[in-house]
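Student: Here you go, this is work_13.tsv (TSV, C-alpha atoms).
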chain	number	residue	atom	x	y	z
G	18	MET	CA	-29.43	24.42	22.72
G	19	HIS	CA	-31.21	25.65	19.61
G	20	ASP	CA	-29.55	29.08	19.89
G	21	GLN	CA	-26.11	27.57	20.23
G	22	ASN	CA	-26.63	25.44	17.15
G	23	CYS	CA	-27.96	28.43	15.27
G	24	CYS	CA	-24.90	30.51	16.22
G	25	ALA	CA	-22.58	27.69	15.29
G	26	ALA	CA	-24.29	27.34	11.93
G	27	ASN	CA	-24.17	31.09	11.33
G	28	SER	CA	-20.54	31.55	12.24
G	29	SER	CA	-19.25	28.54	10.33
G	30	HIS	CA	-21.18	29.31	7.20
G	31	ASN	CA	-20.32	32.99	7.18
G	32	SER	CA	-16.62	32.26	7.53
G	33	SER	CA	-16.68	29.95	4.52
G	34	GLY	CA	-18.63	32.44	2.43
G	35	GLY	CA	-21.81	30.26	2.20
G	36	SER	CA	-25.39	31.27	2.96
G	37	THR	CA	-26.39	31.95	6.57
G	38	LEU	CA	-28.57	29.24	8.07
G	39	LEU	CA	-31.55	30.24	10.18
G	40	GLY	CA	-31.17	27.21	12.43
G	41	TYR	CA	-29.60	23.81	12.81
G	42	ILE	CA	-30.31	21.45	9.89
G	43	GLY	CA	-28.15	18.43	10.62
G	44	ILE	CA	-25.94	18.27	7.52
G	45	ASP	CA	-23.01	17.43	9.79
G	46	THR	CA	-24.57	14.03	10.61
G	47	ILE	CA	-23.64	12.79	7.12
G	48	ILE	CA	-20.19	11.85	8.48
G	49	GLU	CA	-21.79	9.67	11.15
G	50	GLN	CA	-24.13	8.12	8.54
G	51	MET	CA	-21.16	7.27	6.33
G	52	ARG	CA	-19.29	5.84	9.31
G	53	LYS	CA	-22.24	3.57	10.20
G	54	LYS	CA	-22.47	2.29	6.62
G	55	THR	CA	-18.73	1.55	6.46
G	56	MET	CA	-18.92	-0.22	9.82
G	57	LYS	CA	-21.64	-2.49	8.42
G	58	THR	CA	-20.06	-3.27	5.06
G	59	GLY	CA	-16.39	-3.19	6.07
G	60	PHE	CA	-13.79	-2.53	3.42
G	61	ASP	CA	-11.01	-4.16	1.40
G	62	PHE	CA	-7.33	-3.37	1.43
G	63	ASN	CA	-4.93	-5.24	-0.83
G	64	ILE	CA	-1.21	-4.92	-0.24
G	65	MET	CA	1.57	-6.48	-2.31
G	66	VAL	CA	5.10	-7.15	-1.06
G	67	VAL	CA	7.98	-7.41	-3.54
G	68	GLY	CA	11.68	-8.03	-2.95
G	69	HIS	CA	14.10	-10.93	-3.01
G	70	SER	CA	13.93	-13.64	-0.35
G	71	GLY	CA	15.34	-13.06	3.13
G	72	LEU	CA	14.45	-9.36	3.39
G	73	GLY	CA	11.76	-9.89	6.05
G	74	LYS	CA	8.69	-9.21	3.87
G	75	SER	CA	6.37	-11.59	5.73
G	76	THR	CA	7.57	-10.41	9.13
G	77	LEU	CA	7.04	-6.75	8.22
G	78	VAL	CA	3.46	-7.35	7.08
G	79	ASN	CA	2.72	-9.27	10.29
G	80	THR	CA	4.23	-6.41	12.31
G	81	LEU	CA	2.21	-3.78	10.41
G	82	PHE	CA	-1.10	-5.49	11.14
G	83	LYS	CA	-0.09	-6.98	14.50
G	84	SER	CA	-1.39	-10.38	13.43
G	85	HIS	CA	-0.23	-13.37	11.42
G	86	VAL	CA	-1.51	-12.28	8.03
G	87	SER	CA	1.41	-13.13	5.74
G	88	ARG	CA	1.49	-16.16	3.47
G	89	LYS	CA	4.23	-17.75	5.56
G	90	SER	CA	2.04	-17.54	8.65
G	91	ALA	CA	-0.78	-19.27	6.79
G	92	GLY	CA	0.67	-22.77	6.73
G	93	TRP	CA	3.86	-22.11	4.79
G	94	ALA	CA	6.46	-24.84	5.15
G	95	ARG	CA	9.86	-23.68	6.45
G	96	ASP	CA	11.70	-25.83	3.90
G	97	GLU	CA	9.79	-24.45	0.92
G	98	LYS	CA	12.27	-24.03	-1.92
G	99	ILE	CA	12.70	-20.74	-3.77
G	100	PRO	CA	10.59	-21.12	-6.93
G	101	LYS	CA	12.33	-21.20	-10.32
G	102	THR	CA	10.07	-18.44	-11.60
G	103	VAL	CA	8.17	-15.60	-9.96
G	104	GLU	CA	4.94	-16.84	-8.41
G	105	ILE	CA	2.03	-14.79	-7.14
G	106	LYS	CA	0.42	-15.96	-3.90
G	107	ALA	CA	-2.47	-14.08	-2.30
G	108	VAL	CA	-3.77	-14.73	1.23
G	109	SER	CA	-6.84	-12.97	2.66
G	110	HIS	CA	-7.86	-12.41	6.28
G	111	VAL	CA	-10.62	-10.39	7.90
G	112	ILE	CA	-9.22	-8.31	10.73
G	113	GLU	CA	-11.36	-6.25	13.06
G	114	GLU	CA	-10.55	-3.32	15.33
G	115	GLY	CA	-12.94	-1.04	17.17
G	116	GLY	CA	-15.91	-2.54	15.35
G	117	VAL	CA	-14.38	-1.85	11.89
G	118	LYS	CA	-13.89	-4.90	9.68
G	119	MET	CA	-11.19	-4.94	7.03
G	120	LYS	CA	-10.66	-7.69	4.52
G	121	LEU	CA	-6.90	-7.60	4.13
G	122	THR	CA	-5.29	-9.42	1.22
G	123	VAL	CA	-1.52	-9.81	1.25
G	124	VAL	CA	-0.05	-10.60	-2.17
G	125	ASP	CA	3.40	-12.17	-2.01
G	126	THR	CA	5.78	-12.67	-4.97
G	127	PRO	CA	8.13	-15.58	-4.10
G	128	GLY	CA	10.98	-16.04	-6.57
G	129	PHE	CA	11.32	-12.34	-7.44
G	130	GLY	CA	14.98	-11.36	-7.77
G	131	ASP	CA	16.23	-14.78	-6.64
G	132	GLN	CA	17.26	-16.21	-10.03
G	133	ILE	CA	20.68	-16.11	-11.69
G	134	ASN	CA	19.01	-14.28	-14.56
G	135	ASN	CA	16.33	-11.88	-13.33
G	136	ASP	CA	15.47	-10.40	-16.73
G	137	ASN	CA	11.79	-9.50	-17.00
G	138	CYS	CA	10.98	-10.99	-13.60
G	139	TRP	CA	8.65	-8.02	-13.07
G	140	GLU	CA	6.38	-9.27	-15.89
G	141	PRO	CA	4.25	-11.78	-13.88
G	142	ILE	CA	3.71	-9.06	-11.25
G	143	SER	CA	2.65	-6.50	-13.84
G	144	LYS	CA	0.37	-9.12	-15.41
G	145	TYR	CA	-1.26	-9.88	-12.03
G	146	ILE	CA	-1.89	-6.17	-11.30
G	147	ASN	CA	-3.51	-5.68	-14.72
G	148	GLU	CA	-5.58	-8.88	-14.38
G	149	GLN	CA	-7.16	-7.42	-11.23
G	150	TYR	CA	-8.05	-4.22	-13.14
G	151	GLU	CA	-9.50	-6.35	-15.94
G	152	LYS	CA	-11.58	-8.36	-13.46
G	153	PHE	CA	-13.00	-5.14	-11.98
G	154	LEU	CA	-13.66	-3.71	-15.46
G	155	LYS	CA	-15.55	-6.85	-16.53
G	156	GLU	CA	-17.83	-6.47	-13.52
G	157	GLU	CA	-18.31	-2.77	-14.20
G	158	VAL	CA	-19.39	-3.16	-17.83
G	159	ASN	CA	-21.89	-5.92	-17.12
G	160	ILE	CA	-25.49	-4.93	-17.78
G	161	THR	CA	-26.55	-6.31	-14.41
G	162	ARG	CA	-23.88	-5.19	-12.00
G	163	LYS	CA	-23.25	-6.43	-8.49
G	164	LYS	CA	-24.22	-3.92	-5.84
G	165	ARG	CA	-20.67	-4.12	-4.55
G	166	ILE	CA	-17.97	-5.22	-6.97
G	167	PRO	CA	-15.36	-7.37	-5.20
G	168	ASP	CA	-12.16	-5.33	-5.16
G	169	THR	CA	-8.99	-7.35	-5.68
G	170	ARG	CA	-7.01	-4.44	-7.19
G	171	VAL	CA	-3.59	-3.91	-5.59
G	172	HIS	CA	-3.84	-0.68	-3.58
G	173	CYS	CA	-0.22	-0.57	-2.55
G	174	CYS	CA	3.02	-2.32	-3.44
G	175	ILE	CA	5.76	-2.24	-0.79
G	176	TYR	CA	9.08	-2.66	-2.56
G	177	PHE	CA	11.89	-3.98	-0.34
G	178	ILE	CA	15.36	-2.58	-1.05
G	179	SER	CA	18.31	-4.64	0.15
G	180	PRO	CA	20.34	-2.79	2.85
G	181	THR	CA	23.61	-2.91	0.88
G	182	GLY	CA	24.64	0.62	1.83
G	183	HIS	CA	25.81	1.12	-1.77
G	184	PHE	CA	23.41	1.62	-4.68
G	185	LEU	CA	20.11	0.30	-5.94
G	186	ARG	CA	20.39	-2.82	-8.06
G	187	GLN	CA	19.45	-2.49	-11.71
G	188	LEU	CA	16.50	-4.79	-10.99
G	189	ASP	CA	15.21	-2.34	-8.34
G	190	THR	CA	15.15	0.65	-10.70
G	191	GLU	CA	13.82	-1.47	-13.57
G	192	PHE	CA	10.92	-2.84	-11.49
G	193	MET	CA	9.91	0.51	-10.02
G	194	LYS	CA	10.19	2.29	-13.38
G	195	ARG	CA	8.02	-0.32	-15.12
G	196	LEU	CA	5.32	-0.51	-12.46
G	197	SER	CA	5.14	2.98	-10.97
G	198	HIS	CA	2.46	3.96	-13.50
G	199	SER	CA	0.15	1.06	-12.73
G	200	VAL	CA	0.37	0.71	-8.93
G	201	ASN	CA	1.24	2.80	-5.85
G	202	ILE	CA	4.84	1.87	-5.03
G	203	ILE	CA	6.18	2.49	-1.54
G	204	PRO	CA	9.93	1.72	-1.39
G	205	VAL	CA	11.37	0.66	1.98
G	206	ILE	CA	14.90	-0.21	3.07
G	207	ALA	CA	14.65	-3.65	4.64
G	208	LYS	CA	16.47	-4.93	7.74
G	209	ALA	CA	17.68	-1.43	8.63
G	210	ASP	CA	19.32	-2.71	11.83
G	211	THR	CA	22.17	-4.12	9.71
G	212	MET	CA	23.46	-0.56	9.13
G	213	THR	CA	24.68	2.15	11.49
G	214	LEU	CA	22.57	5.33	11.68
G	215	GLU	CA	25.15	7.22	9.58
G	216	GLU	CA	25.23	4.48	6.91
G	217	ARG	CA	21.46	4.39	6.90
G	218	GLN	CA	21.14	8.15	6.37
G	219	GLU	CA	23.69	8.12	3.54
G	220	PHE	CA	22.03	5.14	1.88
G	221	LYS	CA	18.59	6.76	2.09
G	222	GLN	CA	19.89	9.94	0.43
G	223	ARG	CA	21.62	7.93	-2.27
G	224	VAL	CA	18.47	5.87	-2.98
G	225	ARG	CA	16.33	9.03	-3.13
G	226	LYS	CA	18.77	10.62	-5.58
G	227	GLU	CA	18.80	7.49	-7.76
G	228	LEU	CA	14.99	7.33	-7.83
G	229	GLU	CA	14.88	11.00	-8.83
G	230	VAL	CA	17.50	10.60	-11.58
G	231	SER	CA	15.68	7.54	-12.94
G	232	GLY	CA	12.40	9.50	-12.97
G	233	ILE	CA	10.66	6.98	-10.69
G	234	GLU	CA	7.42	8.28	-9.16
G	235	PHE	CA	6.72	6.55	-5.88
G	236	TYR	CA	3.64	7.10	-3.70
G	237	PRO	CA	2.56	9.77	-2.67
G	238	GLN	CA	3.07	11.15	-6.18
G	239	LYS	CA	3.61	14.93	-6.35
G	240	GLU	CA	1.15	15.40	-9.21
G	241	PHE	CA	-1.75	14.01	-7.15
G	242	ASP	CA	-1.43	16.41	-4.19
G	243	GLU	CA	-4.90	17.96	-3.96
G	244	ASP	CA	-4.10	21.25	-2.20
G	245	MET	CA	-1.37	23.11	-0.33
G	246	GLU	CA	-2.10	21.30	2.95
G	247	ASP	CA	-1.81	17.97	1.14
G	248	LYS	CA	1.40	19.07	-0.53
G	249	SER	CA	2.99	20.16	2.74
G	250	ASP	CA	2.04	16.87	4.52
G	251	ASN	CA	3.18	14.75	1.59
G	252	ASP	CA	6.44	16.69	1.13
G	253	LYS	CA	7.42	15.72	4.68
G	254	ILE	CA	6.69	12.07	3.89
G	255	ARG	CA	8.54	12.18	0.57
G	256	GLU	CA	11.58	13.71	2.26
G	257	ALA	CA	11.62	10.87	4.82
G	258	MET	CA	11.31	8.10	2.24
G	259	PRO	CA	12.36	5.39	1.66
G	260	PHE	CA	11.60	4.39	5.26
G	261	ALA	CA	14.36	2.27	6.83
G	262	VAL	CA	12.44	-0.45	8.65
G	263	VAL	CA	12.83	-3.42	10.95
G	264	GLY	CA	10.03	-5.93	11.45
G	265	SER	CA	9.47	-8.35	14.32
G	266	ASP	CA	6.57	-10.30	15.73
G	267	LYS	CA	8.45	-11.19	18.93
G	268	GLU	CA	7.91	-9.30	22.19
G	269	TYR	CA	10.59	-8.45	24.75
G	270	GLN	CA	10.57	-6.77	28.14
G	271	VAL	CA	12.22	-3.32	28.03
G	272	ASN	CA	12.07	-0.99	31.08
G	273	GLY	CA	9.08	-2.91	32.43
G	274	LYS	CA	7.16	-2.62	29.12
G	275	ARG	CA	6.55	-5.32	26.53
G	276	VAL	CA	7.77	-4.16	23.13
G	277	LEU	CA	8.05	-5.67	19.66
G	278	GLY	CA	11.72	-6.04	18.88
G	279	ARG	CA	14.73	-7.93	17.59
G	280	LYS	CA	17.31	-9.22	20.04
G	281	THR	CA	20.95	-8.58	19.15
G	282	ALA	CA	24.24	-8.99	21.01
G	283	TRP	CA	24.07	-5.26	21.81
G	284	GLY	CA	20.50	-5.15	23.10
G	285	ILE	CA	16.96	-4.98	21.77
G	286	VAL	CA	16.14	-3.15	18.54
G	287	GLU	CA	12.67	-1.78	19.31
G	288	VAL	CA	10.55	-1.88	16.17
G	289	GLU	CA	8.15	0.90	17.20
G	290	ASN	CA	10.79	3.19	18.70
G	291	PRO	CA	11.45	6.05	16.21
G	292	ASN	CA	15.03	6.35	17.53
G	293	HIS	CA	15.72	2.77	16.45
G	294	CYS	CA	14.06	2.59	13.01
G	295	GLU	CA	11.31	4.16	10.89
G	296	PHE	CA	8.74	1.39	11.16
G	297	ALA	CA	6.31	3.59	13.15
G	298	GLN	CA	6.49	6.28	10.44
G	299	LEU	CA	5.72	3.71	7.74
G	300	ARG	CA	2.78	2.29	9.73
G	301	ASP	CA	1.30	5.72	10.53
G	302	PHE	CA	1.60	6.78	6.90
G	303	LEU	CA	0.34	3.54	5.38
G	304	ILE	CA	-2.54	2.81	7.76
G	305	ARG	CA	-3.39	5.83	9.90
G	306	SER	CA	-3.16	8.70	7.41
G	307	HIS	CA	-3.06	7.44	3.78
G	308	LEU	CA	-4.91	4.11	3.59
G	309	GLN	CA	-8.05	5.66	2.08
G	310	ASP	CA	-5.98	7.80	-0.28
G	311	LEU	CA	-4.08	4.72	-1.52
G	312	LYS	CA	-7.45	3.20	-2.43
G	313	GLU	CA	-8.63	6.40	-4.11
G	314	VAL	CA	-5.46	6.88	-6.18
G	315	THR	CA	-5.73	3.23	-7.26
G	316	HIS	CA	-9.35	3.73	-8.36
G	317	ASN	CA	-9.20	7.25	-9.79
G	318	ILE	CA	-5.77	7.20	-11.39
G	319	HIS	CA	-4.27	3.75	-12.03
G	320	TYR	CA	-7.53	1.90	-12.71
G	321	GLU	CA	-8.93	4.81	-14.78
G	322	THR	CA	-5.78	4.79	-16.95
G	323	TYR	CA	-6.16	1.04	-17.51
G	324	ARG	CA	-9.91	1.38	-18.18
G	325	ALA	CA	-9.48	4.20	-20.71
G	326	LYS	CA	-6.79	2.24	-22.55
G	327	ARG	CA	-8.93	-0.91	-22.71
G	328	LEU	CA	-12.04	0.92	-23.87
G	329	ASN	CA	-10.04	2.79	-26.52
G	330	GLU	CA	-8.63	-0.48	-27.83
G	331	ASN	CA	-12.23	-1.57	-28.38
G	332	GLY	CA	-13.35	1.65	-30.02
G	333	GLY	CA	-15.19	2.68	-26.87
G	334	LEU	CA	-17.49	-0.34	-27.15
G	335	HIS	CA	-18.17	-3.14	-24.71
G	336	PRO	CA	-14.63	-4.44	-24.08
G	337	ILE	CA	-15.48	-8.07	-23.33
G	338	SER	CA	-17.19	-10.66	-25.48
G	339	SER	CA	-20.50	-11.99	-24.16
G	340	SER	CA	-19.01	-15.44	-23.49
G	341	ASP	CA	-16.31	-13.83	-21.29
G	342	THR	CA	-18.93	-11.88	-19.41
G	343	GLN	CA	-20.96	-14.99	-18.71
G	344	GLU	CA	-17.84	-16.68	-17.37
G	345	SER	CA	-17.10	-13.73	-15.10
G	346	ASN	CA	-20.56	-14.10	-13.57
G	347	LEU	CA	-20.16	-17.76	-12.76
Before anything else, please render the file you have as structure tokens.

Tutor:
Amino acid sequence: MHDQNCCAANSSHNSSGGSTLLGYIGIDTIIEQMRKKTMKTGFDFNIMVVGHSGLGKSTLVNTLFKSHVSRKSAGWARDEKIPKTVEIKAVSHVIEEGGVKMKLTVVDTPGFGDQINNDNCWEPISKYINEQYEKFLKEEVNITRKKRIPDTRVHCCIYFISPTGHFLRQLDTEFMKRLSHSVNIIPVIAKADTMTLEERQEFKQRVRKELEVSGIEFYPQKEFDEDMEDKSDNDKIREAMPFAVVGSDKEYQVNGKRVLGRKTAWGIVEVENPNHCEFAQLRDFLIRSHLQDLKEVTHNIHYETYRAKRLNENGGLHPISSSDTQESNL
């Protein structure tokens, strides 16, 4: 056993150009140690959904996390009127899978894009995102800091594009342009089953072109690719975006299997079938491959930018008055 470990250590370290080990040390157990710690503490993930009413935002979030986590599921009344202004509603749930606990917060923005005049309706959303950075900053600059600062920063904003088949609305480009530098925006084409496959493909290409022409940087941003492997993986994702998705929390029987789907006059649209829509691609990207990266980009890029700006405004000094700090500790 010892010899095998020794050989393994030798070969792996020689190939990477490091020093040769004379025997097994156990450095590789750090991954297991980190895993155990994360299992104990759990982690936060905060996702925001933006788009006008009727695009299936709540349903999509429920489908993504296979549980009733949206605001509408948490005691929302069916006859709730569309608010006159944009509101921000956050609902948190702890979901657990395979012993890993995640505190998921879904931030909804009812009223966005639903007014006759939608000028500046992105402002309350931008304000909310910055307020969460400010809250985190206040905790960070305290003399006595909490061991673990509660993280309410928005890690990801899913922006729902209406499946018109034509062009992006001015509001869409305006919102994404204004907020792409303060939050990770993931654009999706909602209710994709309302278009034929050809229409969908054309619309996707048109949307991509418009985003490019408008200079809108959506996640994963090219400038943050860490290496060639990253770049190649992310290029594939960028080429497939915006994902054309269908959400559903209803199950149907298809070929003897229970599947999530939407029933139409022509048959069942299977949500997780890649031939029917791109929901599975969105889920794999958002949860299975990039969830940690979304958190890191939020912390290292968007929050850092906010933090630097705030500290500069205050001449690099403590950015919050002592009375504010006391309040934030209450």

Student: Given all atoms listed in the file as the basis, pick out the residue of G:Pro291, G:Pro259, G:Gly273, G:Gly59 nearest to Lys118 (chain G).

Tutor: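 With all atoms listed in the file as the atom set, the closest residue is G:Gly59.
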
Student: Point out the residue among G:Val288, G:Ala261, G:Met193, G:Ile47 with the least atom-to-atom distance to Phe220 (chain G), counting only C-alpha atoms.

Tutor: G:Ala261

Student: Work out how far CA of Asp266 (chain G) is from CA of Tyr176 (chain G), in Å to one decimal.

Tutor: 20.0 Å

Student: Which value, in Å to one decimal, gives the distance between CA of Lys208 (chain G) and CA of Tyr236 (chain G)?

Tutor: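 CA of Tyr236 (chain G) lies 21.0 Å from CA of Lys208 (chain G).
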
Student: Between G:Met212, G:Leu38, G:Met258, G:Val123, which residue has the minimum interatomic distance to Val224 (chain G), considering all atoms listed in the file?

Tutor: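 Smallest distance to Val224 (chain G) is found for G:Met258.
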
Student: Using Å and a single decimal, report how far CA of Ser87 (chain G) sits from CA of Cys174 (chain G).

Tutor: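 Computing the Euclidean distance for CA of Cys174 (chain G) and CA of Ser87 (chain G) yields 14.3 Å.
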
Student: Pick out the closest residue to Arg223 (chain G) from this set: G:Ile160, G:Gly40, G:Asn135, G:Pro180. Count only C-alpha atoms.

Tutor: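 Ranking G:Ile160, G:Gly40, G:Asn135, G:Pro180 by distance to Arg223 (chain G), first place goes to G:Pro180.
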
Student: Can you pull out the residues contacting Lys83 (chain G)? Cut-off 10 Å, using all atoms listed in the file, and skip same-chain residues under 5 positions away; I want them as a compact mmCIF listing (two decimals) with C-alpha atoms, in the coordinates of the input.

Tutor:
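This is the output file out.txt:
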# COMPACT_ATOMS: atom_id res chain seq x y z
CA THR G 76 7.57 -10.41 9.13
CA LEU G 77 7.04 -6.75 8.22
CA VAL G 78 3.46 -7.35 7.08
CA ILE G 112 -9.22 -8.31 10.73
CA SER G 265 9.47 -8.35 14.32
CA ASP G 266 6.57 -10.30 15.73
CA LEU G 277 8.05 -5.67 19.66

Student: Hey, which of G:Leu308, G:Val117, G:Ile254, G:Met245 ends up closest to Lys53 (chain G)? Count only C-alpha atoms.

Tutor: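 Closest to Lys53 (chain G) of all the choices is G:Val117.
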
Student: From the set G:Val263, G:Asp210, G:Lys221, G:Ser36, which residue has the shortest atom-to-atom contact distance to Gln298 (chain G), counting only C-alpha atoms?

Tutor: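 Checking each of G:Val263, G:Asp210, G:Lys221, G:Ser36 against Gln298 (chain G), counting only C-alpha atoms, the winner is G:Val263.
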
Student: Draw an axis-aligned box over all listed atoms of region 306-310 of chain G, pad each side with 8 Å, and write its centre and edge lengths in Å, one decimal, as lines of an AutoDock Vina configuration file.

Tutor:
center_x = -5.6
center_y = 6.4
center_z = 3.6
size_x = 21.0
size_y = 20.6
size_z = 23.7

Student: Given the point (17.4, -5.8, 8.6) in the coordinates of this file, which residues lie within 12 Å, counting all atoms listed in the file, and how would they look as a ChimeraX atom specification?

Tutor: /G:71-74,76-77,177-182,205-213,217,261-265,278-281,286,288,293-296

Student: Fewer than 6 positions away in the same chain doesn't count, so skip those; otherwise give me all residues within 9 Å of Pro167 (chain G), counting all atoms listed in the file, as a list of chain:residue names.

Tutor: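 Listing them by chain and then by number gives G:Asp61, G:Phe153, G:Glu156.
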
Student: Starting from the point (8.9, 8.6, -18.6), work out which residues of protein, DNA or RNA have an atom no more than 10 Å away when counting only C-alpha atoms; state them as a PyMOL selection string.

Tutor: chain G and resi 194-195+198+231-234

Student: Find the residues near Val86 (chain G): any atom within 9 Å, counting only C-alpha atoms, skip ones fewer than 3 places away on the same chain, and give them as a list of chain:residue names.

Tutor: G:Ser75, G:Val78, G:Asn79, G:Phe82, G:Lys83, G:Lys89, G:Ser90, G:Ala91, G:Val108, G:Ser109, G:His110, G:Leu121, G:Thr122, G:Val123

Student: Which residues come within 12 Å of His316 (chain G), counting only C-alpha atoms, excluding same-chain residues fewer than 6 positions away, as a compact mmCIF listing (two decimals) with C-alpha atoms, keeping the file's coordinate frame?

Tutor:
# COMPACT_ATOMS: atom_id res chain seq x y z
CA GLN G 149 -7.16 -7.42 -11.23
CA TYR G 150 -8.05 -4.22 -13.14
CA PHE G 153 -13.00 -5.14 -11.98
CA LEU G 154 -13.66 -3.71 -15.46
CA ASP G 168 -12.16 -5.33 -5.16
CA THR G 169 -8.99 -7.35 -5.68
CA ARG G 170 -7.01 -4.44 -7.19
CA VAL G 171 -3.59 -3.91 -5.59
CA HIS G 172 -3.84 -0.68 -3.58
CA CYS G 173 -0.22 -0.57 -2.55
CA SER G 199 0.15 1.06 -12.73
CA VAL G 200 0.37 0.71 -8.93
CA ASN G 201 1.24 2.80 -5.85
CA GLN G 309 -8.05 5.66 2.08
CA ASP G 310 -5.98 7.80 -0.28
CA THR G 322 -5.78 4.79 -16.95
CA TYR G 323 -6.16 1.04 -17.51
CA ARG G 324 -9.91 1.38 -18.18
